[in-house]
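Engineer: Quick one: structure below, then a few questions.
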Amino acid sequence: MILLDYKDRRPIYEQIVEKLKDLMICGVLEQDSQLPSVRSLATELSINPNTIQRAYTELERRGFIYSVKGKGSFVADTSSIRALKNSELKKKLSSWIEEAKRAGIKEDKAHSWVAEEWTIIGTKSGGGANE
């Protein structure tokens, strides 16, 4: 489910936040599904439970999960998570387009690059998302 990269400069809790967010965005963790308990995920990943708690706290602060006292943590509305991710991707695309224009890349060339990469990545991943 979650693989940690100990060579990554980011703190472990940030990696966990990012991995769980990705699982929510791609639909592996569906809205209102329960997350593993802090202890069980800490055991599974062989890390301190405080690290998992910090990740869950950050996810809750950002609105990605919610807690039910005595029951655990659950995935919040995934449509808002996807909308946020789409917004982030659009900003990255805008930045890339600006850089390509400054480099003198023509629109048709940029389109062909995107289409080519879309096909290559779609082949590797088995299709890709519809949005």
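Residues in the structure tokens are numbered from 1 in each chain, the chains being A, B, ... in the order shown, and ligands are numbered from 1 in the order shown.
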Neighbouring residues of range 88-95 of chain A were defined as those with any atom within 12 Å, considering only C-alpha atoms; residues of the same chain fewer than 6 positions away were excluded. Please report them as a PDB file with C-alpha atoms, in the first residue's frame.
Structural biologist:
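Wrote result-v9.pdb, looks like this:
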ATOM      1  CA  ILE A  81      -9.502  16.077  -3.326  1.00  0.00           C
ATOM      2  CA  ARG A  82      -9.579  15.426  -7.078  1.00  0.00           C
ATOM      3  CA  LYS A 101       6.725  29.503 -25.247  1.00  0.00           C
ATOM      4  CA  ARG A 102       9.825  31.279 -23.917  1.00  0.00           C
ATOM      5  CA  ALA A 110       3.722  21.019 -27.676  1.00  0.00           C
ATOM      6  CA  VAL A 114       1.680  15.848 -24.887  1.00  0.00           C
ATOM      7  CA  GLU A 131     -10.665  13.256 -16.500  1.00  0.00           C
TER       8      GLU A 131
END
Engineer: Residues within 7 Å of Ser37 in chain A, please, as a PyMOL selection string. Count only C-alpha atoms; anything in the same chain fewer than 3 positions from it doesn't count.
Structural biologist: chain A and resi 40-41+72
Engineer: Could you dump the residues just selected with N, CA and C atoms as an mmCIF file, in the first residue's frame?
Structural biologist:
data_model
loop_
_atom_site.group_PDB
_atom_site.id
_atom_site.type_symbol
_atom_site.label_atom_id
_atom_site.label_comp_id
_atom_site.auth_asym_id
_atom_site.auth_seq_id
_atom_site.Cartn_x
_atom_site.Cartn_y
_atom_site.Cartn_z
ATOM 1 N N SER A 40 -1.808 0.027 13.607
ATOM 2 C CA SER A 40 -1.628 -1.012 12.588
ATOM 3 C C SER A 40 -0.771 -0.511 11.423
ATOM 4 N N LEU A 41 -0.975 0.742 11.003
ATOM 5 C CA LEU A 41 -0.158 1.273 9.912
ATOM 6 C C LEU A 41 1.289 1.465 10.362
ATOM 7 N N GLY A 72 -12.209 5.839 14.459
ATOM 8 C CA GLY A 72 -11.040 5.953 13.600
ATOM 9 C C GLY A 72 -11.110 7.106 12.624
#
Engineer: List as a list in words the protein and nucleic acid residues near Glu58 in chain A, meaning an atom at most 12 Å away when only C-alpha atoms are counted, but skip any in the same chain fewer than 6 places from it.
Structural biologist: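 The residues that qualify are Tyr13, Glu14, Gln15, Ile16, Val17, Glu18, Leu20, Lys21, Thr51, Ile52, Phe64, Ile65 and Tyr66 of chain A.
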Engineer: Please identify which residues in chain A DSSP calls strand (DSSP E or B) from the backbone, and express them as a compact mmCIF listing (two decimals) with N, CA and C atoms, in the first residue's frame.
Structural biologist:
# COMPACT_ATOMS: atom_id res chain seq x y z
N GLN A 34 -12.62 3.58 5.74
CA GLN A 34 -11.82 3.74 6.96
C GLN A 34 -10.34 3.52 6.66
N ILE A 65 -9.22 13.89 5.32
CA ILE A 65 -9.82 12.83 6.14
C ILE A 65 -10.59 13.48 7.29
N TYR A 66 -11.41 12.68 7.93
CA TYR A 66 -12.10 13.14 9.13
C TYR A 66 -12.05 12.01 10.15
N SER A 67 -12.14 12.37 11.42
CA SER A 67 -12.07 11.40 12.50
C SER A 67 -13.42 11.27 13.18
N VAL A 68 -13.72 10.05 13.59
CA VAL A 68 -14.91 9.78 14.38
C VAL A 68 -14.42 9.20 15.70
N GLY A 72 -12.21 5.84 14.46
CA GLY A 72 -11.04 5.95 13.60
C GLY A 72 -11.11 7.11 12.62
N SER A 73 -10.28 7.01 11.60
CA SER A 73 -10.18 8.06 10.58
C SER A 73 -10.75 7.54 9.27
N PHE A 74 -11.41 8.43 8.53
CA PHE A 74 -12.10 8.06 7.30
C PHE A 74 -11.77 9.06 6.20
N VAL A 75 -11.85 8.60 4.95
CA VAL A 75 -11.59 9.44 3.79
C VAL A 75 -12.74 10.43 3.61
Engineer: Rounded to one decimal, what separation in Å do you get between CA of Glu98 in chain A and CA of Asp22 in chain A?
Structural biologist: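 Separating CA of Glu98 in chain A from CA of Asp22 in chain A is a distance of 26.6 Å.
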Engineer: Quick one: pick out all helix (DSSP H, G or I) residues within range 3-117 of chain A from a backbone DSSP run and write them as an mmCIF file with C-alpha atoms, in the first residue's frame.
Structural biologist:
data_model
loop_
_atom_site.group_PDB
_atom_site.id
_atom_site.type_symbol
_atom_site.label_atom_id
_atom_site.label_comp_id
_atom_site.auth_asym_id
_atom_site.auth_seq_id
_atom_site.Cartn_x
_atom_site.Cartn_y
_atom_site.Cartn_z
ATOM 1 C CA ILE A 12 8.443 10.363 6.625
ATOM 2 C CA TYR A 13 5.104 11.844 7.715
ATOM 3 C CA GLU A 14 5.050 14.055 4.591
ATOM 4 C CA GLN A 15 5.684 11.018 2.399
ATOM 5 C CA ILE A 16 2.780 9.224 4.099
ATOM 6 C CA VAL A 17 0.514 12.247 3.572
ATOM 7 C CA GLU A 18 1.442 12.317 -0.127
ATOM 8 C CA LYS A 19 0.987 8.550 -0.632
ATOM 9 C CA LEU A 20 -2.405 8.515 1.097
ATOM 10 C CA LYS A 21 -3.502 11.563 -0.914
ATOM 11 C CA ASP A 22 -2.494 9.773 -4.127
ATOM 12 C CA LEU A 23 -4.454 6.668 -3.082
ATOM 13 C CA MET A 24 -7.503 8.867 -2.472
ATOM 14 C CA ILE A 25 -7.157 10.684 -5.796
ATOM 15 C CA VAL A 38 -2.443 4.479 13.671
ATOM 16 C CA ARG A 39 -0.982 1.443 15.412
ATOM 17 C CA SER A 40 -1.628 -1.012 12.588
ATOM 18 C CA LEU A 41 -0.158 1.273 9.912
ATOM 19 C CA ALA A 42 2.836 2.051 12.128
ATOM 20 C CA THR A 43 3.405 -1.678 12.605
ATOM 21 C CA GLU A 44 2.979 -2.365 8.874
ATOM 22 C CA LEU A 45 5.516 0.343 7.975
ATOM 23 C CA PRO A 49 3.019 5.573 15.695
ATOM 24 C CA ASN A 50 3.588 9.297 16.371
ATOM 25 C CA THR A 51 4.703 9.635 12.741
ATOM 26 C CA ILE A 52 1.432 8.139 11.492
ATOM 27 C CA GLN A 53 -0.541 10.305 13.918
ATOM 28 C CA ARG A 54 1.239 13.387 12.581
ATOM 29 C CA ALA A 55 0.390 12.383 9.000
ATOM 30 C CA TYR A 56 -3.266 11.762 9.903
ATOM 31 C CA THR A 57 -3.422 15.104 11.731
ATOM 32 C CA GLU A 58 -2.040 16.876 8.661
ATOM 33 C CA LEU A 59 -4.502 15.090 6.351
ATOM 34 C CA GLU A 60 -7.359 16.079 8.639
ATOM 35 C CA ARG A 61 -6.138 19.684 8.815
ATOM 36 C CA THR A 78 -12.865 12.567 -2.738
ATOM 37 C CA SER A 79 -14.333 14.920 -5.362
ATOM 38 C CA SER A 80 -12.839 17.922 -3.549
ATOM 39 C CA ILE A 81 -9.502 16.077 -3.326
ATOM 40 C CA ARG A 82 -9.579 15.426 -7.078
ATOM 41 C CA ALA A 83 -10.532 19.059 -7.765
ATOM 42 C CA LEU A 84 -7.524 20.214 -5.722
ATOM 43 C CA LYS A 85 -5.226 17.839 -7.608
ATOM 44 C CA ASN A 86 -6.648 19.008 -10.946
ATOM 45 C CA SER A 87 -5.971 22.598 -9.907
ATOM 46 C CA GLU A 88 -2.365 21.732 -8.974
ATOM 47 C CA LEU A 89 -1.863 19.964 -12.303
ATOM 48 C CA LYS A 90 -3.306 22.886 -14.259
ATOM 49 C CA LYS A 91 -0.859 25.259 -12.528
ATOM 50 C CA LYS A 92 2.039 22.968 -13.446
ATOM 51 C CA LEU A 93 0.806 22.768 -17.033
ATOM 52 C CA SER A 94 0.508 26.565 -17.249
ATOM 53 C CA SER A 95 4.041 26.928 -15.974
ATOM 54 C CA TRP A 96 5.293 24.359 -18.492
ATOM 55 C CA ILE A 97 3.472 26.111 -21.354
ATOM 56 C CA GLU A 98 4.976 29.481 -20.386
ATOM 57 C CA GLU A 99 8.445 27.934 -20.330
ATOM 58 C CA ALA A 100 7.867 26.200 -23.684
ATOM 59 C CA LYS A 101 6.725 29.503 -25.247
ATOM 60 C CA ARG A 102 9.825 31.279 -23.917
ATOM 61 C CA GLU A 107 1.809 25.079 -30.132
ATOM 62 C CA ASP A 108 1.536 22.153 -32.563
ATOM 63 C CA LYS A 109 4.870 20.762 -31.320
ATOM 64 C CA ALA A 110 3.722 21.019 -27.676
ATOM 65 C CA HIS A 111 0.459 19.258 -28.597
ATOM 66 C CA SER A 112 2.347 16.424 -30.275
ATOM 67 C CA TRP A 113 4.644 16.021 -27.259
ATOM 68 C CA VAL A 114 1.680 15.848 -24.887
ATOM 69 C CA ALA A 115 -0.147 13.349 -27.111
ATOM 70 C CA GLU A 116 2.968 11.211 -27.432
ATOM 71 C CA GLU A 117 3.638 11.154 -23.684
#
Engineer: Counting only C-alpha atoms, which of A:Lys69, A:Gly104, A:Met1, A:Tyr6 gets nearest to Pro36 in chain A?
Structural biologist: A:Met1
Engineer: Take CA of Arg9 in chain A and CA of Ala76 in chain A and report the distance between them in Å, one decimal.
Structural biologist: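 Those two atoms sit 28.2 Å apart.
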Engineer: Record the distance separating CA of Glu30 in chain A and CA of Leu4 in chain A, expressed in Å with one decimal.
Structural biologist: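 We find that CA of Glu30 in chain A and CA of Leu4 in chain A lie 21.7 Å from each other.
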